[in-house]
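Structure data follow from entry01.cif (mmCIF, C-alpha atoms and all ligand atoms):
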```cif
data_structure
#
loop_
_atom_site.group_PDB
_atom_site.id
_atom_site.type_symbol
_atom_site.label_atom_id
_atom_site.label_comp_id
_atom_site.auth_asym_id
_atom_site.auth_seq_id
_atom_site.Cartn_x
_atom_site.Cartn_y
_atom_site.Cartn_z
ATOM 1 C CA MET A 20 22.483 -7.409 4.360
ATOM 2 C CA LYS A 21 22.107 -4.275 2.195
ATOM 3 C CA GLN A 22 19.914 -1.510 3.663
ATOM 4 C CA LEU A 23 18.179 1.610 2.374
ATOM 5 C CA SER A 24 19.914 4.901 3.250
ATOM 6 C CA VAL A 25 16.585 6.328 4.492
ATOM 7 C CA ALA A 26 14.313 5.450 7.436
ATOM 8 C CA HIS A 27 11.099 6.308 5.544
ATOM 9 C CA LEU A 28 10.099 6.651 1.874
ATOM 10 C CA LEU A 29 8.999 10.282 1.841
ATOM 11 C CA GLY A 30 10.180 11.263 -1.638
ATOM 12 C CA ILE A 31 12.670 10.328 -4.355
ATOM 13 C CA LYS A 32 14.486 13.582 -3.478
ATOM 14 C CA TYR A 33 15.820 11.886 -0.316
ATOM 15 C CA LEU A 34 17.127 8.725 -2.069
ATOM 16 C CA ILE A 35 20.543 7.911 -3.503
ATOM 17 C CA LYS A 36 21.182 5.811 -6.626
ATOM 18 C CA ASN A 37 22.113 2.754 -4.482
ATOM 19 C CA ASP A 38 18.641 2.865 -2.892
ATOM 20 C CA ILE A 39 16.981 2.638 -6.302
ATOM 21 C CA ASP A 40 19.306 -0.213 -7.331
ATOM 22 C CA LEU A 41 18.502 -2.078 -4.108
ATOM 23 C CA ILE A 42 14.736 -1.551 -4.518
ATOM 24 C CA PHE A 43 14.905 -2.844 -8.117
ATOM 25 C CA GLU A 44 17.039 -5.898 -7.158
ATOM 26 C CA THR A 45 14.528 -6.732 -4.421
ATOM 27 C CA ALA A 46 11.574 -6.078 -6.760
ATOM 28 C CA ASN A 47 13.050 -8.530 -9.301
ATOM 29 C CA HIS A 48 12.865 -11.230 -6.641
ATOM 30 C CA PHE A 49 9.282 -10.321 -5.692
ATOM 31 C CA LYS A 50 8.201 -10.174 -9.344
ATOM 32 C CA GLU A 51 9.295 -13.786 -9.630
ATOM 33 C CA VAL A 52 7.355 -14.611 -6.433
ATOM 34 C CA ILE A 53 4.094 -13.045 -7.638
ATOM 35 C CA ASN A 54 4.258 -15.037 -10.855
ATOM 36 C CA ARG A 55 4.433 -18.346 -8.948
ATOM 37 C CA PRO A 56 1.284 -20.450 -8.378
ATOM 38 C CA ILE A 57 1.582 -19.523 -4.652
ATOM 39 C CA LYS A 58 2.119 -15.766 -4.822
ATOM 40 C CA LYS A 59 2.874 -15.214 -1.139
ATOM 41 C CA VAL A 60 5.943 -15.155 1.141
ATOM 42 C CA PRO A 61 5.869 -15.188 4.977
ATOM 43 C CA SER A 62 8.465 -12.375 5.310
ATOM 44 C CA LEU A 63 6.298 -9.838 7.209
ATOM 45 C CA ARG A 64 4.095 -12.130 9.326
ATOM 46 C CA ASP A 65 4.863 -10.045 12.439
ATOM 47 C CA ILE A 66 4.323 -6.613 10.797
ATOM 48 C CA THR A 67 1.120 -4.519 10.785
ATOM 49 C CA ILE A 68 0.568 -1.896 8.099
ATOM 50 C CA ALA A 69 -2.053 0.875 7.967
ATOM 51 C CA ASN A 70 -3.044 2.305 4.591
ATOM 52 C CA LEU A 71 -4.330 5.829 5.229
ATOM 53 C CA PHE A 72 -5.928 7.418 2.172
ATOM 54 C CA PHE A 73 -7.069 11.007 2.702
ATOM 55 C CA GLU A 74 -7.428 11.377 -1.106
ATOM 56 C CA ASN A 75 -9.046 9.057 -3.637
ATOM 57 C CA SER A 76 -7.036 6.278 -5.230
ATOM 58 C CA THR A 77 -7.608 3.123 -7.243
ATOM 59 C CA ARG A 78 -4.220 1.797 -8.376
ATOM 60 C CA THR A 79 -1.978 2.905 -5.501
ATOM 61 C CA LYS A 80 -4.334 1.787 -2.726
ATOM 62 C CA LEU A 81 -5.032 -1.636 -4.233
ATOM 63 C CA SER A 82 -1.388 -2.120 -5.216
ATOM 64 C CA PHE A 83 -0.114 -1.377 -1.692
ATOM 65 C CA GLU A 84 -2.758 -3.616 -0.125
ATOM 66 C CA LEU A 85 -1.908 -6.496 -2.442
ATOM 67 C CA ALA A 86 1.856 -5.980 -1.909
ATOM 68 C CA GLU A 87 1.338 -6.072 1.891
ATOM 69 C CA LYS A 88 -0.814 -9.213 1.699
ATOM 70 C CA ARG A 89 1.681 -10.938 -0.609
ATOM 71 C CA LEU A 90 4.288 -10.303 2.134
ATOM 72 C CA SER A 91 1.893 -11.780 4.765
ATOM 73 C CA ALA A 92 1.619 -8.522 6.759
ATOM 74 C CA ASP A 93 -1.526 -7.694 8.745
ATOM 75 C CA VAL A 94 -3.294 -4.846 6.936
ATOM 76 C CA ILE A 95 -5.794 -2.197 8.018
ATOM 77 C CA ASN A 96 -7.339 0.303 5.610
ATOM 78 C CA PHE A 97 -8.614 3.798 6.254
ATOM 79 C CA SER A 98 -10.415 6.142 3.848
ATOM 80 C CA ALA A 99 -10.899 9.718 5.053
ATOM 81 C CA SER A 100 -14.320 9.974 3.398
ATOM 82 C CA GLN A 101 -15.706 7.240 5.699
ATOM 83 C CA SER A 102 -13.871 8.299 8.872
ATOM 84 C CA SER A 103 -14.051 10.632 11.869
ATOM 85 C CA VAL A 104 -11.878 13.145 9.950
ATOM 86 C CA LYS A 105 -15.279 14.393 8.769
ATOM 87 C CA LYS A 106 -16.074 15.150 12.444
ATOM 88 C CA GLY A 107 -13.026 17.455 12.772
ATOM 89 C CA GLU A 108 -10.307 15.063 14.034
ATOM 90 C CA THR A 109 -6.714 16.233 13.308
ATOM 91 C CA LEU A 110 -4.207 14.222 11.263
ATOM 92 C CA ILE A 111 -1.979 13.572 14.307
ATOM 93 C CA ASP A 112 -4.928 12.430 16.455
ATOM 94 C CA THR A 113 -6.207 10.163 13.685
ATOM 95 C CA VAL A 114 -2.787 8.603 13.123
ATOM 96 C CA ASN A 115 -1.906 8.259 16.835
ATOM 97 C CA ASN A 116 -5.204 6.474 17.440
ATOM 98 C CA ILE A 117 -4.400 4.070 14.622
ATOM 99 C CA LEU A 118 -0.817 3.596 15.836
ATOM 100 C CA SER A 119 -1.990 2.741 19.354
ATOM 101 C CA MET A 120 -3.313 -0.449 17.734
ATOM 102 C CA LYS A 121 0.421 -1.401 17.323
ATOM 103 C CA VAL A 122 0.958 -0.428 13.696
ATOM 104 C CA ASP A 123 4.543 -0.633 12.351
ATOM 105 C CA ILE A 124 4.253 1.003 8.910
ATOM 106 C CA VAL A 125 1.945 3.753 7.654
ATOM 107 C CA VAL A 126 1.261 4.206 3.935
ATOM 108 C CA MET A 127 -0.334 7.618 3.480
ATOM 109 C CA ARG A 128 -1.853 9.618 0.638
ATOM 110 C CA HIS A 129 -2.763 13.183 1.576
ATOM 111 C CA ALA A 130 -3.719 16.368 -0.269
ATOM 112 C CA SER A 131 -1.146 18.474 1.643
ATOM 113 C CA VAL A 132 2.422 18.839 0.365
ATOM 114 C CA GLY A 133 4.832 17.521 3.031
ATOM 115 C CA ALA A 134 2.195 15.524 4.951
ATOM 116 C CA GLY A 135 4.466 12.455 5.034
ATOM 117 C CA VAL A 136 7.483 14.438 6.292
ATOM 118 C CA PHE A 137 5.285 16.020 8.985
ATOM 119 C CA LEU A 138 3.995 12.637 10.099
ATOM 120 C CA SER A 139 7.491 11.097 10.202
ATOM 121 C CA LYS A 140 8.503 13.737 12.775
ATOM 122 C CA HIS A 141 5.514 13.156 15.044
ATOM 123 C CA VAL A 142 4.780 9.429 15.107
ATOM 124 C CA ASP A 143 6.783 6.303 15.820
ATOM 125 C CA ALA A 144 6.254 4.282 12.631
ATOM 126 C CA LYS A 145 7.813 3.882 9.208
ATOM 127 C CA ILE A 146 6.108 6.254 6.764
ATOM 128 C CA ILE A 147 5.630 5.609 3.039
ATOM 129 C CA ASN A 148 4.373 8.551 0.994
ATOM 130 C CA ALA A 149 1.661 7.339 -1.402
ATOM 131 C CA GLY A 150 1.280 10.860 -2.868
ATOM 132 C CA ASP A 151 1.338 14.228 -1.083
ATOM 133 C CA GLY A 152 -0.626 16.865 -2.975
ATOM 134 C CA THR A 153 1.240 18.206 -6.005
ATOM 135 C CA HIS A 154 4.625 17.256 -4.504
ATOM 136 C CA GLU A 155 5.844 13.631 -4.765
ATOM 137 C CA HIS A 156 4.564 10.129 -5.534
ATOM 138 C CA PRO A 157 7.752 8.122 -4.980
ATOM 139 C CA THR A 158 6.471 4.569 -5.511
ATOM 140 C CA GLN A 159 4.881 5.640 -8.828
ATOM 141 C CA ALA A 160 8.253 6.986 -10.032
ATOM 142 C CA LEU A 161 10.024 3.814 -8.879
ATOM 143 C CA LEU A 162 7.591 1.551 -10.720
ATOM 144 C CA ASP A 163 7.829 3.797 -13.794
ATOM 145 C CA SER A 164 11.642 3.564 -13.892
ATOM 146 C CA TYR A 165 11.493 -0.172 -13.167
ATOM 147 C CA SER A 166 9.132 -0.583 -16.138
ATOM 148 C CA ILE A 167 11.413 1.455 -18.438
ATOM 149 C CA LYS A 168 14.384 -0.668 -17.363
ATOM 150 C CA GLU A 169 12.410 -3.853 -17.968
ATOM 151 C CA LYS A 170 11.367 -2.677 -21.456
ATOM 152 C CA LEU A 171 14.609 -1.010 -22.652
ATOM 153 C CA GLY A 172 17.269 -2.794 -20.558
ATOM 154 C CA THR A 173 18.439 0.385 -18.848
ATOM 155 C CA VAL A 174 17.292 3.855 -17.802
ATOM 156 C CA LYS A 175 20.770 5.379 -18.142
ATOM 157 C CA GLY A 176 21.106 7.547 -21.262
ATOM 158 C CA LYS A 177 17.451 7.154 -22.262
ATOM 159 C CA LYS A 178 15.451 10.206 -23.312
ATOM 160 C CA ILE A 179 12.154 10.553 -21.461
ATOM 161 C CA VAL A 180 9.528 13.214 -22.125
ATOM 162 C CA ILE A 181 6.798 13.827 -19.556
ATOM 163 C CA ILE A 182 3.756 15.289 -21.313
ATOM 164 C CA GLY A 183 0.804 17.199 -19.885
ATOM 165 C CA ASP A 184 -0.106 18.913 -16.621
ATOM 166 C CA ILE A 185 3.355 19.151 -15.027
ATOM 167 C CA LEU A 186 2.287 21.958 -12.677
ATOM 168 C CA HIS A 187 -0.144 19.840 -10.638
ATOM 169 C CA SER A 188 1.673 16.524 -10.976
ATOM 170 C CA ARG A 189 3.437 14.695 -8.138
ATOM 171 C CA VAL A 190 4.201 11.941 -10.651
ATOM 172 C CA ALA A 191 6.213 14.392 -12.790
ATOM 173 C CA LEU A 192 8.418 15.651 -9.965
ATOM 174 C CA SER A 193 9.156 12.191 -8.540
ATOM 175 C CA ASN A 194 9.883 10.906 -12.058
ATOM 176 C CA ILE A 195 12.282 13.770 -12.751
ATOM 177 C CA TYR A 196 14.261 13.009 -9.568
ATOM 178 C CA ALA A 197 14.263 9.234 -10.186
ATOM 179 C CA LEU A 198 15.183 9.410 -13.874
ATOM 180 C CA GLN A 199 17.992 11.919 -13.360
ATOM 181 C CA LEU A 200 19.430 9.872 -10.482
ATOM 182 C CA GLN A 201 19.712 6.965 -12.941
ATOM 183 C CA GLY A 202 21.321 9.026 -15.715
ATOM 184 C CA ALA A 203 18.339 9.576 -18.029
ATOM 185 C CA LYS A 204 17.706 12.818 -19.932
ATOM 186 C CA VAL A 205 14.343 14.404 -19.131
ATOM 187 C CA LYS A 206 12.186 16.942 -20.987
ATOM 188 C CA VAL A 207 8.684 18.130 -20.182
ATOM 189 C CA CYS A 208 6.057 19.100 -22.743
ATOM 190 C CA GLY A 209 2.699 20.817 -22.287
ATOM 191 C CA PRO A 210 0.974 24.205 -22.328
ATOM 192 C CA THR A 211 3.299 26.840 -20.804
ATOM 193 C CA THR A 212 0.597 27.587 -18.208
ATOM 194 C CA LEU A 213 0.915 23.994 -16.947
ATOM 195 C CA ILE A 214 4.722 23.973 -16.663
ATOM 196 C CA PRO A 215 6.129 25.380 -13.399
ATOM 197 C CA ARG A 216 8.845 28.039 -13.771
ATOM 198 C CA TYR A 217 11.259 26.232 -11.421
ATOM 199 C CA ILE A 218 11.420 23.177 -13.712
ATOM 200 C CA THR A 219 14.514 24.349 -15.646
ATOM 201 C CA SER A 220 16.399 24.768 -12.350
ATOM 202 C CA LEU A 221 16.078 20.966 -11.988
ATOM 203 C CA GLY A 222 18.031 20.484 -15.238
ATOM 204 C CA VAL A 223 14.881 19.676 -17.214
ATOM 205 C CA GLU A 224 14.324 21.151 -20.684
ATOM 206 C CA VAL A 225 10.917 22.484 -21.741
ATOM 207 C CA GLU A 226 9.499 21.670 -25.205
ATOM 208 C CA THR A 227 6.084 23.110 -26.060
ATOM 209 C CA ASN A 228 5.908 21.441 -29.499
ATOM 210 C CA LEU A 229 4.554 17.907 -29.074
ATOM 211 C CA LYS A 230 5.906 16.648 -32.426
ATOM 212 C CA LYS A 231 9.455 17.794 -31.590
ATOM 213 C CA ALA A 232 9.216 16.303 -28.095
ATOM 214 C CA LEU A 233 8.148 12.921 -29.484
ATOM 215 C CA GLU A 234 10.837 12.987 -32.198
ATOM 216 C CA TRP A 235 13.456 13.507 -29.454
ATOM 217 C CA CYS A 236 12.359 10.862 -26.949
ATOM 218 C CA ASP A 237 12.649 7.102 -26.391
ATOM 219 C CA VAL A 238 9.782 7.124 -23.894
ATOM 220 C CA ALA A 239 6.708 9.357 -23.552
ATOM 221 C CA ASN A 240 5.101 9.402 -20.104
ATOM 222 C CA VAL A 241 1.659 10.934 -20.622
ATOM 223 C CA LEU A 242 -0.160 12.637 -17.727
ATOM 224 C CA ARG A 243 -3.782 13.615 -17.374
ATOM 225 C CA VAL A 244 -4.948 17.186 -16.784
ATOM 226 C CA GLN A 245 -5.748 17.416 -13.051
ATOM 227 C CA HIS A 246 -8.919 19.502 -13.196
ATOM 228 C CA GLU A 247 -9.606 18.758 -9.511
ATOM 229 C CA ARG A 248 -6.498 20.781 -8.511
ATOM 230 C CA MET A 249 -7.334 23.796 -10.704
ATOM 231 C CA ASP A 250 -9.160 26.874 -9.457
ATOM 232 C CA ILE A 251 -8.689 28.806 -12.728
ATOM 233 C CA LYS A 252 -8.660 27.900 -16.447
ATOM 234 C CA TYR A 253 -5.144 27.067 -17.706
ATOM 235 C CA PHE A 254 -6.070 26.548 -21.387
ATOM 236 C CA PRO A 255 -9.045 27.592 -23.528
ATOM 237 C CA SER A 256 -10.750 24.209 -23.996
ATOM 238 C CA THR A 257 -10.249 20.456 -23.674
ATOM 239 C CA ARG A 258 -10.681 20.218 -27.455
ATOM 240 C CA GLU A 259 -7.751 22.597 -28.033
ATOM 241 C CA TYR A 260 -5.627 20.757 -25.425
ATOM 242 C CA THR A 261 -6.236 17.455 -27.233
ATOM 243 C CA GLN A 262 -5.390 19.016 -30.619
ATOM 244 C CA LEU A 263 -2.057 20.384 -29.342
ATOM 245 C CA PHE A 264 -0.964 17.823 -26.727
ATOM 246 C CA GLY A 265 -3.083 14.678 -27.227
ATOM 247 C CA ILE A 266 -1.227 11.526 -28.343
ATOM 248 C CA ASN A 267 -2.889 9.680 -31.224
ATOM 249 C CA GLN A 268 -1.745 6.885 -33.527
ATOM 250 C CA GLN A 269 -1.282 9.185 -36.518
ATOM 251 C CA ILE A 270 1.272 11.346 -34.663
ATOM 252 C CA LEU A 271 3.172 8.221 -33.608
ATOM 253 C CA ASP A 272 3.074 6.680 -37.121
ATOM 254 C CA ASN A 273 4.553 9.891 -38.563
ATOM 255 C CA LEU A 274 7.589 9.709 -36.239
ATOM 256 C CA GLY A 275 9.215 6.962 -38.310
ATOM 257 C CA LYS A 276 10.425 5.243 -35.118
ATOM 258 C CA LYS A 277 8.915 3.359 -32.183
ATOM 259 C CA ILE A 278 8.641 4.980 -28.768
ATOM 260 C CA VAL A 279 7.436 3.516 -25.489
ATOM 261 C CA ILE A 280 4.127 4.939 -24.194
ATOM 262 C CA MET A 281 3.486 5.206 -20.440
ATOM 263 C CA HIS A 282 0.693 6.646 -18.311
ATOM 264 C CA PRO A 283 0.388 6.491 -14.498
ATOM 265 C CA GLY A 284 -3.443 6.486 -14.648
ATOM 266 C CA PRO A 285 -6.190 7.333 -14.282
ATOM 267 C CA ILE A 286 -6.479 7.881 -18.064
ATOM 268 C CA ASN A 287 -8.884 10.367 -19.615
ATOM 269 C CA ARG A 288 -9.284 8.443 -22.867
ATOM 270 C CA GLY A 289 -9.667 10.696 -25.883
ATOM 271 C CA VAL A 290 -8.182 13.714 -24.061
ATOM 272 C CA GLU A 291 -4.418 13.233 -23.426
ATOM 273 C CA ILE A 292 -4.250 9.858 -25.211
ATOM 274 C CA THR A 293 -6.506 7.899 -27.556
ATOM 275 C CA SER A 294 -7.685 4.397 -26.678
ATOM 276 C CA GLU A 295 -5.883 3.106 -29.779
ATOM 277 C CA VAL A 296 -2.521 4.303 -28.374
ATOM 278 C CA ALA A 297 -3.233 3.421 -24.726
ATOM 279 C CA ASP A 298 -4.109 -0.160 -25.696
ATOM 280 C CA SER A 299 -1.393 -0.584 -28.368
ATOM 281 C CA HIS A 300 1.727 -2.804 -28.320
ATOM 282 C CA ASP A 301 3.857 0.309 -27.725
ATOM 283 C CA SER A 302 2.008 0.997 -24.465
ATOM 284 C CA ILE A 303 3.376 -0.451 -21.203
ATOM 285 C CA ILE A 304 0.583 1.036 -19.073
ATOM 286 C CA LEU A 305 -0.607 -2.298 -17.647
ATOM 287 C CA ASN A 306 3.006 -3.471 -17.143
ATOM 288 C CA GLN A 307 3.430 -0.379 -14.954
ATOM 289 C CA VAL A 308 0.468 -1.497 -12.830
ATOM 290 C CA GLU A 309 1.783 -5.075 -12.604
ATOM 291 C CA ASN A 310 5.274 -3.890 -11.646
ATOM 292 C CA GLY A 311 3.780 -1.590 -9.007
ATOM 293 C CA VAL A 312 3.010 -4.576 -6.765
ATOM 294 C CA ALA A 313 6.578 -5.964 -6.914
ATOM 295 C CA VAL A 314 8.165 -2.531 -6.420
ATOM 296 C CA ARG A 315 5.909 -1.744 -3.435
ATOM 297 C CA MET A 316 6.656 -5.178 -1.943
ATOM 298 C CA ALA A 317 10.352 -4.281 -2.219
ATOM 299 C CA VAL A 318 9.943 -0.869 -0.546
ATOM 300 C CA ILE A 319 7.851 -2.282 2.311
ATOM 301 C CA TYR A 320 10.176 -5.273 2.792
ATOM 302 C CA LEU A 321 13.316 -3.097 2.891
ATOM 303 C CA LEU A 322 11.825 -0.601 5.376
ATOM 304 C CA ALA A 323 10.511 -3.461 7.550
ATOM 305 C CA GLN A 324 14.072 -4.861 7.789
ATOM 306 C CA GLN A 325 14.985 -1.710 9.779
ATOM 307 C CA ILE A 326 12.307 -2.348 12.441
ATOM 308 C CA LYS A 327 13.691 -3.801 15.683
ATOM 309 C CA ARG A 328 11.627 -6.882 16.543
HETATM 310 N N1 LIG B 1 -1.233 6.413 -10.439
HETATM 311 C C1 LIG B 1 -2.009 6.692 -9.375
HETATM 312 O O1 LIG B 1 -1.554 7.272 -8.372
HETATM 313 O O2 LIG B 1 -3.313 6.272 -9.493
HETATM 314 P P1 LIG B 1 -4.403 6.326 -8.320
HETATM 315 O O3 LIG B 1 -4.697 7.792 -8.069
HETATM 316 O O4 LIG B 1 -5.584 5.562 -8.834
HETATM 317 O O5 LIG B 1 -3.784 5.703 -7.096
#
```
Using structure tokens, write down the structure from this file.
Amino acid sequence: MKQLSVAHLLGIKYLIKNDIDLIFETANHFKEVINRPIKKVPSLRDITIANLFFENSTRTKLSFELAEKRLSADVINFSASQSSVKKGETLIDTVNNILSMKVDIVVMRHASVGAGVFLSKHVDAKIINAGDGTHEHPTQALLDSYSIKEKLGTVKGKKIVIIGDILHSRVALSNIYALQLQGAKVKVCGPTTLIPRYITSLGVEVETNLKKALEWCDVANVLRVQHERMDIKYFPSTREYTQLFGINQQILDNLGKKIVIMHPGPINRGVEITSEVADSHDSIILNQVENGVAVRMAVIYLLAQQIKR
């Protein structure tokens, strides 16, 4: 049986192309399963999974929980805001207490860059990074590429522009790694203050003119401005940001070609994208969410195959 080359899913940076191919092949199978009248398989009946969310989440948390339940795993959920973390407990103590309840896989979202890597060195469980600060969000990038492949037939050779707050985005970095591994061309577009200097060293071009970026691309992946990660002002006003980098139907109509519109959520409607565009036929935003369950089932299933039972 084919196996992943990694023991944990800590970031796309650690994967090889064969891993992505294997995850997508497995996700195809699970996508078929979740569209059946009985949407469940007994594959992980002997596996216990803890979802540890030290940062807020809607999509990722629910998607992981549903993926785990569709695989028949036992699931426990933890939100830092309602836990003893508030009383001063350390990450390692929190996780070791949870693991002593015989947990096999930990899905963790944390505000600190490298939290998943740190945990993988200190606890005896499979770790899946559900977003570590401004660093990586590997399952989001996998479901994004899976959705592009589903829509366009392939990722190889496609031109993808990631638009918005690149500086604070874990989605951007994981997408860049995933898309390049599959042979796509990647540009980023946004205010220069929101584009990290190192980005060109990753082989990514910078385009600060939205119209030119959209004329170039096959797919536009639109990100929100992450105000919660900003301690200074990066642009004069939201109104100006929307005028320069907001996607509206008129801009798209003037391109003279169709492009695919993506957004990882949560959307700030009327800021980085209008409702008309987000809800249009060119948008695959809800397909991304749907595919997230199948892709996460695949990741969990493949890592669980490595556990000695
Ligand atoms: N895309 C994403 O990570 O959304 P949530 O923050 O709601 O999980």
Edge lengths and centre, in Å to one decimal, as AutoDock Vina command-line options: that's what I need for the box along x, y and z that holds all listed atoms of ligand LIG 1 (chain B) plus 4 Å on each side.
```
--center_x -3.4 --center_y 6.7 --center_z -8.8 --size_x 12.4 --size_y 10.2 --size_z 11.3
```
At most 6 Å is the cut-off: for each residue in chain A with any atom that close to an atom of ligand LIG 1 (chain B), write down the nearest atom pair and the distance in Å rounded to one decimal, counting only C-alpha atoms and all ligand atoms, chain first then increasing number, as a tab-separated table.
```
residue	atom	partner	partner_atom	distance
A:Ser76	CA	B:LIG1	O5	3.8
A:Thr77	CA	B:LIG1	O4	3.5
A:Arg78	CA	B:LIG1	O4	4.0
A:Thr79	CA	B:LIG1	O5	3.7
A:Lys80	CA	B:LIG1	O5	5.9
A:Pro283	CA	B:LIG1	N1	4.4
A:Gly284	CA	B:LIG1	N1	4.8
A:Pro285	CA	B:LIG1	O2	5.7
```
Against range 149-157 of chain A, which residues of range 265-323 of chain A fall within 12 Å? For each one I want the closest pair of atoms and the distance in Å (one decimal), counting all atoms listed in the file, rows by chain and increasing residue number, as a Markdown table.
```
| residue | atom | partner | partner_atom | distance |
| --- | --- | --- | --- | --- |
| A:Pro283 | CA | A:His156 | CA | 10.5 |
| A:Gly311 | CA | A:Pro157 | CA | 11.2 |
| A:Val314 | CA | A:Pro157 | CA | 10.8 |
| A:Arg315 | CA | A:Pro157 | CA | 10.2 |
| A:Val318 | CA | A:Pro157 | CA | 10.3 |
```
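Computed from the coordinates, the CA of Ile214 in chain A to CA of Thr227 in chain A distance equals 9.5 Å.
Straight-line separation from CA of Ala232 in chain A to CA of Val180 in chain A: 6.7 Å.
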Exactly which residues make up the result of the PyMOL selection byres (((chain A and resi 192-206) around 9) and not hetatm) on this file, given as a PyMOL selection string?
chain A and resi 30-32+34-36+39+153-161+163-164+173-182+185+188-191+207-208+218+221-226+232+236
For Asn75 in chain A, the closest of A:Ala26, A:Leu274, A:Val290, A:Met127 counting only C-alpha atoms is A:Met127
Using the chain letters and residue numbers of this document, give as a JSON list (two decimals) with C-alpha atoms, in the coordinates of the input the residues selected by the PyMOL selection byres (((chain A and resi 62) around 7) and not hetatm).
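Result written to part-v2.json:
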```json
[["chain", "number", "residue", "atom", "x", "y", "z"],
["A", 60, "VAL", "CA", 5.94, -15.16, 1.14],
["A", 61, "PRO", "CA", 5.87, -15.19, 4.98],
["A", 63, "LEU", "CA", 6.30, -9.84, 7.21],
["A", 64, "ARG", "CA", 4.10, -12.13, 9.33],
["A", 90, "LEU", "CA", 4.29, -10.30, 2.13],
["A", 91, "SER", "CA", 1.89, -11.78, 4.76]]
```
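The nearest approach to Leu263 in chain A among the residues A:Lys21, A:Lys88, A:Lys230, A:Lys145, with only C-alpha atoms taken into account, belongs to A:Lys230.
With distances restricted to only C-alpha atoms, A:Asn310 is the closest residue to Leu85 in chain A from A:Gln268, A:Ser102, A:Asn310, A:Ser119.
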Exercise for review: Convert the output of the PyMOL selection byres (((chain A and resi 41) around 12) and not hetatm) on the shown file into explicit residues, formatted as an MDAnalysis selection string.
Suggested key: chainID A and resid 20:24 34:40 42:48 161 165 314 317:318 320:322
From the list A:Arg128, A:Arg288, A:Lys252, A:Lys327, the nearest residue to Phe73 in chain A using only C-alpha atoms is A:Arg128
Separating CA of Ile319 in chain A from CA of Asn240 in chain A, to the nearest tenth of an Å, is a gap of 25.4 Å
Generate N, CA, C and O atoms for range 267-277 of chain A and emit them as a PDB file, in the frame of the given file.
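Contents of the output file out31.pdb:
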```
ATOM      1  N   ASN A 267      -2.077  10.606 -30.430  1.00  0.00           N
ATOM      2  CA  ASN A 267      -2.889   9.680 -31.224  1.00  0.00           C
ATOM      3  C   ASN A 267      -1.976   8.859 -32.133  1.00  0.00           C
ATOM      4  O   ASN A 267      -0.784   9.151 -32.271  1.00  0.00           O
ATOM      5  N   GLN A 268      -2.552   7.833 -32.747  1.00  0.00           N
ATOM      6  CA  GLN A 268      -1.745   6.885 -33.527  1.00  0.00           C
ATOM      7  C   GLN A 268      -1.100   7.549 -34.744  1.00  0.00           C
ATOM      8  O   GLN A 268       0.035   7.232 -35.106  1.00  0.00           O
ATOM      9  N   GLN A 269      -1.824   8.519 -35.317  1.00  0.00           N
ATOM     10  CA  GLN A 269      -1.282   9.185 -36.518  1.00  0.00           C
ATOM     11  C   GLN A 269       0.025   9.937 -36.195  1.00  0.00           C
ATOM     12  O   GLN A 269       0.998   9.850 -36.939  1.00  0.00           O
ATOM     13  N   ILE A 270       0.041  10.635 -35.064  1.00  0.00           N
ATOM     14  CA  ILE A 270       1.272  11.346 -34.663  1.00  0.00           C
ATOM     15  C   ILE A 270       2.412  10.346 -34.491  1.00  0.00           C
ATOM     16  O   ILE A 270       3.528  10.581 -34.949  1.00  0.00           O
ATOM     17  N   LEU A 271       2.119   9.218 -33.854  1.00  0.00           N
ATOM     18  CA  LEU A 271       3.172   8.221 -33.608  1.00  0.00           C
ATOM     19  C   LEU A 271       3.638   7.583 -34.923  1.00  0.00           C
ATOM     20  O   LEU A 271       4.833   7.384 -35.131  1.00  0.00           O
ATOM     21  N   ASP A 272       2.702   7.294 -35.830  1.00  0.00           N
ATOM     22  CA  ASP A 272       3.074   6.680 -37.121  1.00  0.00           C
ATOM     23  C   ASP A 272       3.982   7.605 -37.912  1.00  0.00           C
ATOM     24  O   ASP A 272       4.889   7.156 -38.611  1.00  0.00           O
ATOM     25  N   ASN A 273       3.755   8.927 -37.800  1.00  0.00           N
ATOM     26  CA  ASN A 273       4.553   9.891 -38.563  1.00  0.00           C
ATOM     27  C   ASN A 273       5.962  10.099 -38.013  1.00  0.00           C
ATOM     28  O   ASN A 273       6.782  10.767 -38.634  1.00  0.00           O
ATOM     29  N   LEU A 274       6.254   9.521 -36.828  1.00  0.00           N
ATOM     30  CA  LEU A 274       7.589   9.709 -36.239  1.00  0.00           C
ATOM     31  C   LEU A 274       8.655   8.918 -36.990  1.00  0.00           C
ATOM     32  O   LEU A 274       9.839   9.264 -36.954  1.00  0.00           O
ATOM     33  N   GLY A 275       8.249   7.812 -37.606  1.00  0.00           N
ATOM     34  CA  GLY A 275       9.215   6.962 -38.310  1.00  0.00           C
ATOM     35  C   GLY A 275      10.090   6.169 -37.356  1.00  0.00           C
ATOM     36  O   GLY A 275      11.138   5.642 -37.741  1.00  0.00           O
ATOM     37  N   LYS A 276       9.720   6.086 -36.104  1.00  0.00           N
ATOM     38  CA  LYS A 276      10.425   5.243 -35.118  1.00  0.00           C
ATOM     39  C   LYS A 276       9.419   4.847 -34.040  1.00  0.00           C
ATOM     40  O   LYS A 276       8.356   5.463 -33.912  1.00  0.00           O
ATOM     41  N   LYS A 277       9.774   3.814 -33.283  1.00  0.00           N
ATOM     42  CA  LYS A 277       8.915   3.359 -32.183  1.00  0.00           C
ATOM     43  C   LYS A 277       9.325   4.062 -30.903  1.00  0.00           C
ATOM     44  O   LYS A 277      10.520   4.203 -30.630  1.00  0.00           O
TER      45      LYS A 277
END
```
